[in-house]
Amino acid sequence: SNGAVFNGDLNLAASNAGVRLLSGADFTGTANLTGTGAVLAYQESRTLTGKTINLEGSSARLGIDGTSTLTLGAGTLVRGRGTIGQAAFVGGTSTLINQGTIRADITGQTLNISPNSFTNAPAGQVTVTNGARLTLGQTWTNSGQINVTGASTLDFGGTWNNAGGTVTVDATSTLNLDGTMTTNGLGTIGNSAGGTVNINGKLDNTGHNLGFSPATGSWLLKGGEISGGQITPDAGGPTLVFTSSAGILSNGAVFNGGLNLAASNAGVRLLSGAD
């Protein structure tokens, strides 16, 4: 605390090793959280510039304690697995703003971004690669860039808004659209390479047209619900695909075109005037 500076790399290698940084305390090198359950927590509002934080131990955590805002500024990289944003020692309302890079890159492992509020700013980059998984929950917005590559998985959850942001999925990867969303808030979801995009949550499409194109690729209604509005396939083929995890069209939603249930055990439920 009180402006203390650790000169060098901050190595949290022991099981459950942890440190809280308060009132201007800092370190000059890289933070390496390699121990199981290792925790680095910021218990004040802070902007990190040019920092690298490696979350490599099982259940490693970059915590935001108290009612604080942590901004990952220019040149800052947080990568690996574990959790970013959840309180570690002191509860409160946590806010995370990314203007740098967050990267899930450990094969078969999950990185969770779960403060009370998360913003991926216009300069922010979020990447899922190398067969890793990244989950977004709580309340969050993206106006930057999110990329899913290399047979990886990205899970959208909570209440979210991608308006002004871009998400790109490569041919080998999966994007799960879960939680609560609106058509206005979908932003740009690029799936021209033919990856997998699943609608698992509830999409409020009232007063809008959910249109498909070569840029969007096809999406799968996989247990999710589309409420209201129009759903329009592309003449060239990209469309809403119905799966065995029977999804729902509700609240007067209209599918413009032939309803083709071609997959094995494919199904759809039509409720409250959907057609």
# chains A, B, ... in the order shown; residues from 1 in each chain; ligands from 1
>>> residues_around(residues="stretch 224-240 of chain A", least_positions_apart="6", cutoff="6 Å", atoms="only C-alpha atoms", output="PDB file with C-alpha atoms, in the first residue's frame")
ATOM      1  CA  ILE A 199     -28.320 -18.719 -30.534  1.00  0.00           C
ATOM      2  CA  ASN A 200     -28.686 -20.167 -27.040  1.00  0.00           C
ATOM      3  CA  GLY A 201     -30.293 -17.211 -25.256  1.00  0.00           C
ATOM      4  CA  LYS A 202     -33.243 -14.891 -25.893  1.00  0.00           C
ATOM      5  CA  LEU A 203     -32.996 -12.437 -28.788  1.00  0.00           C
ATOM      6  CA  ASP A 204     -35.482  -9.563 -28.783  1.00  0.00           C
ATOM      7  CA  ASN A 205     -36.024  -8.935 -32.489  1.00  0.00           C
ATOM      8  CA  THR A 206     -39.168  -6.811 -32.076  1.00  0.00           C
ATOM      9  CA  GLY A 207     -39.503  -4.272 -34.877  1.00  0.00           C
ATOM     10  CA  HIS A 208     -36.370  -5.491 -36.638  1.00  0.00           C
ATOM     11  CA  ASN A 209     -35.252  -7.796 -39.415  1.00  0.00           C
ATOM     12  CA  LEU A 210     -32.660 -10.423 -38.526  1.00  0.00           C
ATOM     13  CA  GLY A 211     -31.106 -10.803 -41.960  1.00  0.00           C
ATOM     14  CA  PHE A 212     -28.484 -13.285 -43.078  1.00  0.00           C
ATOM     15  CA  SER A 213     -25.778 -12.739 -45.682  1.00  0.00           C
ATOM     16  CA  GLY A 217     -22.923 -16.907 -42.475  1.00  0.00           C
ATOM     17  CA  SER A 218     -25.614 -19.218 -41.124  1.00  0.00           C
ATOM     18  CA  GLY A 247     -35.570 -23.406 -30.361  1.00  0.00           C
ATOM     19  CA  ILE A 248     -38.509 -21.021 -30.144  1.00  0.00           C
ATOM     20  CA  LEU A 249     -39.939 -18.359 -32.426  1.00  0.00           C
ATOM     21  CA  SER A 250     -42.341 -16.213 -30.430  1.00  0.00           C
ATOM     22  CA  ASN A 251     -44.242 -12.932 -30.156  1.00  0.00           C
ATOM     23  CA  GLY A 252     -45.231 -12.765 -33.821  1.00  0.00           C
ATOM     24  CA  ALA A 253     -41.788 -13.538 -35.241  1.00  0.00           C
ATOM     25  CA  VAL A 254     -42.020 -14.308 -38.961  1.00  0.00           C
ATOM     26  CA  PHE A 255     -39.546 -16.489 -40.873  1.00  0.00           C
ATOM     27  CA  ASN A 256     -39.501 -15.243 -44.449  1.00  0.00           C
TER      28      ASN A 256
END
>>> residues_around(residues="stretch 61-78 of chain A", least_positions_apart="3", cutoff="6 Å", atoms="only C-alpha atoms", output="ChimeraX atom specification")
/A:39-53,82-88,90-102
>>> residues_around(residues="A:Thr166", least_positions_apart="3", cutoff="7 Å", atoms="only C-alpha atoms", output="number ranges by chain")
A: 144-146, 187-189
>>> write_last_selection(atoms="all heavy atoms", output="CSV table (one decimal), in the first residue's frame")
chain,number,residue,atom,x,y,z
A,144,GLY,N,-15.2,-2.6,-29.4
A,144,GLY,CA,-13.8,-2.9,-30.0
A,144,GLY,C,-13.9,-4.2,-30.9
A,144,GLY,O,-14.9,-4.4,-31.6
A,145,GLN,N,-12.8,-5.0,-30.8
A,145,GLN,CA,-12.7,-6.2,-31.7
A,145,GLN,C,-12.6,-7.4,-30.8
A,145,GLN,O,-11.8,-7.5,-29.8
A,145,GLN,CB,-11.4,-6.0,-32.5
A,145,GLN,CG,-11.2,-7.2,-33.4
A,145,GLN,CD,-12.1,-7.3,-34.6
A,145,GLN,OE1,-12.4,-6.3,-35.2
A,145,GLN,NE2,-12.6,-8.5,-34.9
A,146,ILE,N,-13.4,-8.4,-31.2
A,146,ILE,CA,-13.3,-9.8,-30.5
A,146,ILE,C,-13.1,-10.8,-31.6
A,146,ILE,O,-13.8,-10.8,-32.6
A,146,ILE,CB,-14.5,-10.1,-29.7
A,146,ILE,CG1,-14.8,-9.0,-28.6
A,146,ILE,CG2,-14.4,-11.5,-29.1
A,146,ILE,CD1,-16.1,-9.3,-27.8
A,187,GLY,N,-24.6,-5.8,-33.2
A,187,GLY,CA,-23.4,-5.3,-33.9
A,187,GLY,C,-23.0,-6.1,-35.1
A,187,GLY,O,-23.8,-6.6,-35.8
A,188,THR,N,-21.7,-6.1,-35.3
A,188,THR,CA,-21.2,-6.9,-36.5
A,188,THR,C,-20.6,-8.2,-36.0
A,188,THR,O,-19.7,-8.3,-35.2
A,188,THR,CB,-20.1,-6.1,-37.2
A,188,THR,OG1,-20.6,-4.8,-37.6
A,188,THR,CG2,-19.5,-6.9,-38.4
A,189,ILE,N,-21.3,-9.3,-36.5
A,189,ILE,CA,-20.8,-10.6,-36.2
A,189,ILE,C,-20.4,-11.3,-37.5
A,189,ILE,O,-21.3,-11.6,-38.3
A,189,ILE,CB,-21.8,-11.5,-35.4
A,189,ILE,CG1,-22.1,-10.9,-34.1
A,189,ILE,CG2,-21.4,-12.9,-35.3
A,189,ILE,CD1,-23.2,-11.6,-33.3
>>> closest_residue(among="A:Gly124, A:Gly273, A:Gly35, A:Gly131", to="A:Leu111", atoms="only C-alpha atoms")
A:Gly131
>>> closest_residue(among="A:Pro122, A:Asp170, A:Asn142, A:Val197", to="A:Asp155", atoms="only C-alpha atoms")
A:Val197
>>> select_by_dssp(residues="stretch 70-265 of chain A", states="strand (DSSP E or B)", output="PDB file with C-alpha atoms, in the first residue's frame")
ATOM      1  CA  LEU A  70      -9.658  -1.300 -13.363  1.00  0.00           C
ATOM      2  CA  THR A  71      -8.688  -0.011 -16.808  1.00  0.00           C
ATOM      3  CA  LEU A  72      -6.375  -2.123 -18.947  1.00  0.00           C
ATOM      4  CA  LEU A  77      -1.894  -7.712 -21.944  1.00  0.00           C
ATOM      5  CA  VAL A  78      -3.831 -10.055 -19.650  1.00  0.00           C
ATOM      6  CA  ARG A  79      -3.739 -13.641 -20.871  1.00  0.00           C
ATOM      7  CA  GLY A  80      -4.171 -17.274 -19.885  1.00  0.00           C
ATOM      8  CA  GLY A  82      -8.921 -18.363 -14.713  1.00  0.00           C
ATOM      9  CA  THR A  83     -10.954 -15.257 -13.920  1.00  0.00           C
ATOM     10  CA  ILE A  84     -10.715 -11.520 -14.531  1.00  0.00           C
ATOM     11  CA  SER A  94     -16.386  -3.968  -9.898  1.00  0.00           C
ATOM     12  CA  THR A  95     -15.880  -2.356 -13.299  1.00  0.00           C
ATOM     13  CA  LEU A  96     -13.390  -3.468 -15.960  1.00  0.00           C
ATOM     14  CA  ILE A  97     -12.498  -1.384 -19.024  1.00  0.00           C
ATOM     15  CA  ASN A  98     -10.263  -2.909 -21.688  1.00  0.00           C
ATOM     16  CA  THR A 101      -5.551  -6.914 -24.997  1.00  0.00           C
ATOM     17  CA  ILE A 102      -7.243  -9.803 -23.210  1.00  0.00           C
ATOM     18  CA  ARG A 103      -6.337 -13.234 -24.592  1.00  0.00           C
ATOM     19  CA  ALA A 104      -7.514 -16.736 -23.738  1.00  0.00           C
ATOM     20  CA  THR A 110     -11.306 -21.295 -19.815  1.00  0.00           C
ATOM     21  CA  LEU A 111     -10.805 -17.610 -19.106  1.00  0.00           C
ATOM     22  CA  ASN A 112     -13.822 -15.930 -17.478  1.00  0.00           C
ATOM     23  CA  ILE A 113     -14.416 -12.179 -17.645  1.00  0.00           C
ATOM     24  CA  SER A 117     -19.626  -4.360 -15.553  1.00  0.00           C
ATOM     25  CA  PHE A 118     -17.221  -4.839 -18.472  1.00  0.00           C
ATOM     26  CA  THR A 119     -16.519  -2.551 -21.425  1.00  0.00           C
ATOM     27  CA  ASN A 120     -14.308  -3.526 -24.336  1.00  0.00           C
ATOM     28  CA  GLN A 125      -8.851  -6.423 -28.331  1.00  0.00           C
ATOM     29  CA  VAL A 126     -10.253  -9.679 -26.961  1.00  0.00           C
ATOM     30  CA  THR A 127      -8.889 -12.858 -28.537  1.00  0.00           C
ATOM     31  CA  VAL A 128      -9.713 -16.533 -28.032  1.00  0.00           C
ATOM     32  CA  ARG A 133     -12.531 -20.931 -24.203  1.00  0.00           C
ATOM     33  CA  LEU A 134     -13.559 -17.465 -23.052  1.00  0.00           C
ATOM     34  CA  THR A 135     -16.799 -16.594 -21.254  1.00  0.00           C
ATOM     35  CA  LEU A 136     -18.360 -13.159 -20.817  1.00  0.00           C
ATOM     36  CA  THR A 139     -23.426  -6.799 -17.881  1.00  0.00           C
ATOM     37  CA  TRP A 140     -21.063  -5.894 -20.694  1.00  0.00           C
ATOM     38  CA  THR A 141     -20.596  -3.968 -23.937  1.00  0.00           C
ATOM     39  CA  ASN A 142     -18.195  -4.279 -26.842  1.00  0.00           C
ATOM     40  CA  GLN A 145     -12.700  -6.160 -31.658  1.00  0.00           C
ATOM     41  CA  ILE A 146     -13.271  -9.760 -30.524  1.00  0.00           C
ATOM     42  CA  ASN A 147     -11.681 -12.631 -32.487  1.00  0.00           C
ATOM     43  CA  VAL A 148     -12.283 -16.366 -32.104  1.00  0.00           C
ATOM     44  CA  THR A 153     -15.054 -21.202 -28.145  1.00  0.00           C
ATOM     45  CA  LEU A 154     -16.513 -17.863 -27.067  1.00  0.00           C
ATOM     46  CA  ASP A 155     -19.557 -17.742 -24.774  1.00  0.00           C
ATOM     47  CA  PHE A 156     -21.658 -14.573 -24.576  1.00  0.00           C
ATOM     48  CA  THR A 159     -26.959  -8.824 -20.514  1.00  0.00           C
ATOM     49  CA  TRP A 160     -24.839  -7.643 -23.404  1.00  0.00           C
ATOM     50  CA  ASN A 161     -24.528  -5.168 -26.257  1.00  0.00           C
ATOM     51  CA  THR A 166     -17.034  -6.472 -34.258  1.00  0.00           C
ATOM     52  CA  VAL A 167     -16.836 -10.191 -33.540  1.00  0.00           C
ATOM     53  CA  THR A 168     -15.062 -12.448 -36.042  1.00  0.00           C
ATOM     54  CA  VAL A 169     -15.316 -16.242 -35.980  1.00  0.00           C
ATOM     55  CA  THR A 174     -17.706 -21.490 -32.084  1.00  0.00           C
ATOM     56  CA  LEU A 175     -19.601 -18.453 -30.814  1.00  0.00           C
ATOM     57  CA  ASN A 176     -22.474 -19.073 -28.373  1.00  0.00           C
ATOM     58  CA  LEU A 177     -24.962 -16.192 -28.155  1.00  0.00           C
ATOM     59  CA  THR A 180     -30.230 -11.422 -23.020  1.00  0.00           C
ATOM     60  CA  MET A 181     -29.711  -9.554 -26.292  1.00  0.00           C
ATOM     61  CA  THR A 182     -31.436  -7.329 -28.841  1.00  0.00           C
ATOM     62  CA  THR A 188     -21.190  -6.888 -36.478  1.00  0.00           C
ATOM     63  CA  ILE A 189     -20.791 -10.648 -36.179  1.00  0.00           C
ATOM     64  CA  GLY A 190     -18.586 -11.888 -39.005  1.00  0.00           C
ATOM     65  CA  THR A 196     -20.421 -22.128 -35.740  1.00  0.00           C
ATOM     66  CA  VAL A 197     -22.701 -19.429 -34.325  1.00  0.00           C
ATOM     67  CA  ASN A 198     -25.367 -20.682 -31.895  1.00  0.00           C
ATOM     68  CA  ILE A 199     -28.320 -18.719 -30.534  1.00  0.00           C
ATOM     69  CA  LYS A 202     -33.243 -14.891 -25.893  1.00  0.00           C
ATOM     70  CA  LEU A 203     -32.996 -12.437 -28.788  1.00  0.00           C
ATOM     71  CA  ASP A 204     -35.482  -9.563 -28.783  1.00  0.00           C
ATOM     72  CA  ASN A 209     -35.252  -7.796 -39.415  1.00  0.00           C
ATOM     73  CA  LEU A 210     -32.660 -10.423 -38.526  1.00  0.00           C
ATOM     74  CA  GLY A 211     -31.106 -10.803 -41.960  1.00  0.00           C
ATOM     75  CA  TRP A 219     -26.546 -19.293 -37.433  1.00  0.00           C
ATOM     76  CA  LEU A 220     -28.059 -22.174 -35.472  1.00  0.00           C
ATOM     77  CA  LEU A 221     -31.121 -21.754 -33.246  1.00  0.00           C
ATOM     78  CA  GLU A 225     -35.599 -17.954 -28.589  1.00  0.00           C
ATOM     79  CA  ILE A 226     -36.202 -15.213 -31.148  1.00  0.00           C
ATOM     80  CA  SER A 227     -39.000 -12.885 -30.128  1.00  0.00           C
ATOM     81  CA  GLN A 230     -38.684 -10.652 -39.280  1.00  0.00           C
ATOM     82  CA  ILE A 231     -36.087 -13.352 -39.965  1.00  0.00           C
ATOM     83  CA  THR A 232     -34.815 -13.274 -43.541  1.00  0.00           C
ATOM     84  CA  LEU A 240     -31.213 -19.616 -39.585  1.00  0.00           C
ATOM     85  CA  VAL A 241     -30.672 -23.347 -39.088  1.00  0.00           C
ATOM     86  CA  PHE A 242     -33.015 -25.354 -36.864  1.00  0.00           C
ATOM     87  CA  GLY A 247     -35.570 -23.406 -30.361  1.00  0.00           C
ATOM     88  CA  ILE A 248     -38.509 -21.021 -30.144  1.00  0.00           C
ATOM     89  CA  LEU A 249     -39.939 -18.359 -32.426  1.00  0.00           C
ATOM     90  CA  SER A 250     -42.341 -16.213 -30.430  1.00  0.00           C
ATOM     91  CA  VAL A 254     -42.020 -14.308 -38.961  1.00  0.00           C
ATOM     92  CA  PHE A 255     -39.546 -16.489 -40.873  1.00  0.00           C
TER      93      PHE A 255
END
>>> decode(residues="stretch 111-123 of chain A", atoms="N, CA and C atoms", output="CSV table (one decimal), in the first residue's frame")
chain,number,residue,atom,x,y,z
A,111,LEU,N,-11.0,-18.9,-19.7
A,111,LEU,CA,-10.8,-17.6,-19.1
A,111,LEU,C,-12.2,-16.9,-19.0
A,112,ASN,N,-12.5,-16.6,-17.7
A,112,ASN,CA,-13.8,-15.9,-17.5
A,112,ASN,C,-13.6,-14.4,-17.2
A,113,ILE,N,-14.4,-13.6,-17.9
A,113,ILE,CA,-14.4,-12.2,-17.6
A,113,ILE,C,-15.7,-11.9,-16.9
A,114,SER,N,-15.7,-11.6,-15.6
A,114,SER,CA,-16.9,-11.5,-14.9
A,114,SER,C,-16.9,-10.4,-13.8
A,115,PRO,N,-16.5,-9.2,-14.1
A,115,PRO,CA,-16.8,-8.1,-13.1
A,115,PRO,C,-18.3,-7.8,-13.2
A,116,ASN,N,-18.8,-6.9,-12.3
A,116,ASN,CA,-20.2,-6.5,-12.4
A,116,ASN,C,-20.5,-5.8,-13.8
A,117,SER,N,-19.5,-5.1,-14.3
A,117,SER,CA,-19.6,-4.4,-15.6
A,117,SER,C,-18.3,-4.4,-16.3
A,118,PHE,N,-18.4,-4.8,-17.6
A,118,PHE,CA,-17.2,-4.8,-18.5
A,118,PHE,C,-17.5,-4.1,-19.8
A,119,THR,N,-16.5,-3.3,-20.2
A,119,THR,CA,-16.5,-2.6,-21.4
A,119,THR,C,-15.3,-2.9,-22.2
A,120,ASN,N,-15.4,-3.4,-23.4
A,120,ASN,CA,-14.3,-3.5,-24.3
A,120,ASN,C,-14.4,-2.3,-25.2
A,121,ALA,N,-13.5,-1.4,-24.9
A,121,ALA,CA,-13.5,0.0,-25.6
A,121,ALA,C,-13.0,-0.1,-27.1
A,122,PRO,N,-13.2,0.9,-27.8
A,122,PRO,CA,-12.9,0.9,-29.3
A,122,PRO,C,-11.5,0.4,-29.5
A,123,ALA,N,-10.5,0.7,-28.7
A,123,ALA,CA,-9.1,0.2,-28.9
A,123,ALA,C,-8.9,-1.2,-28.3
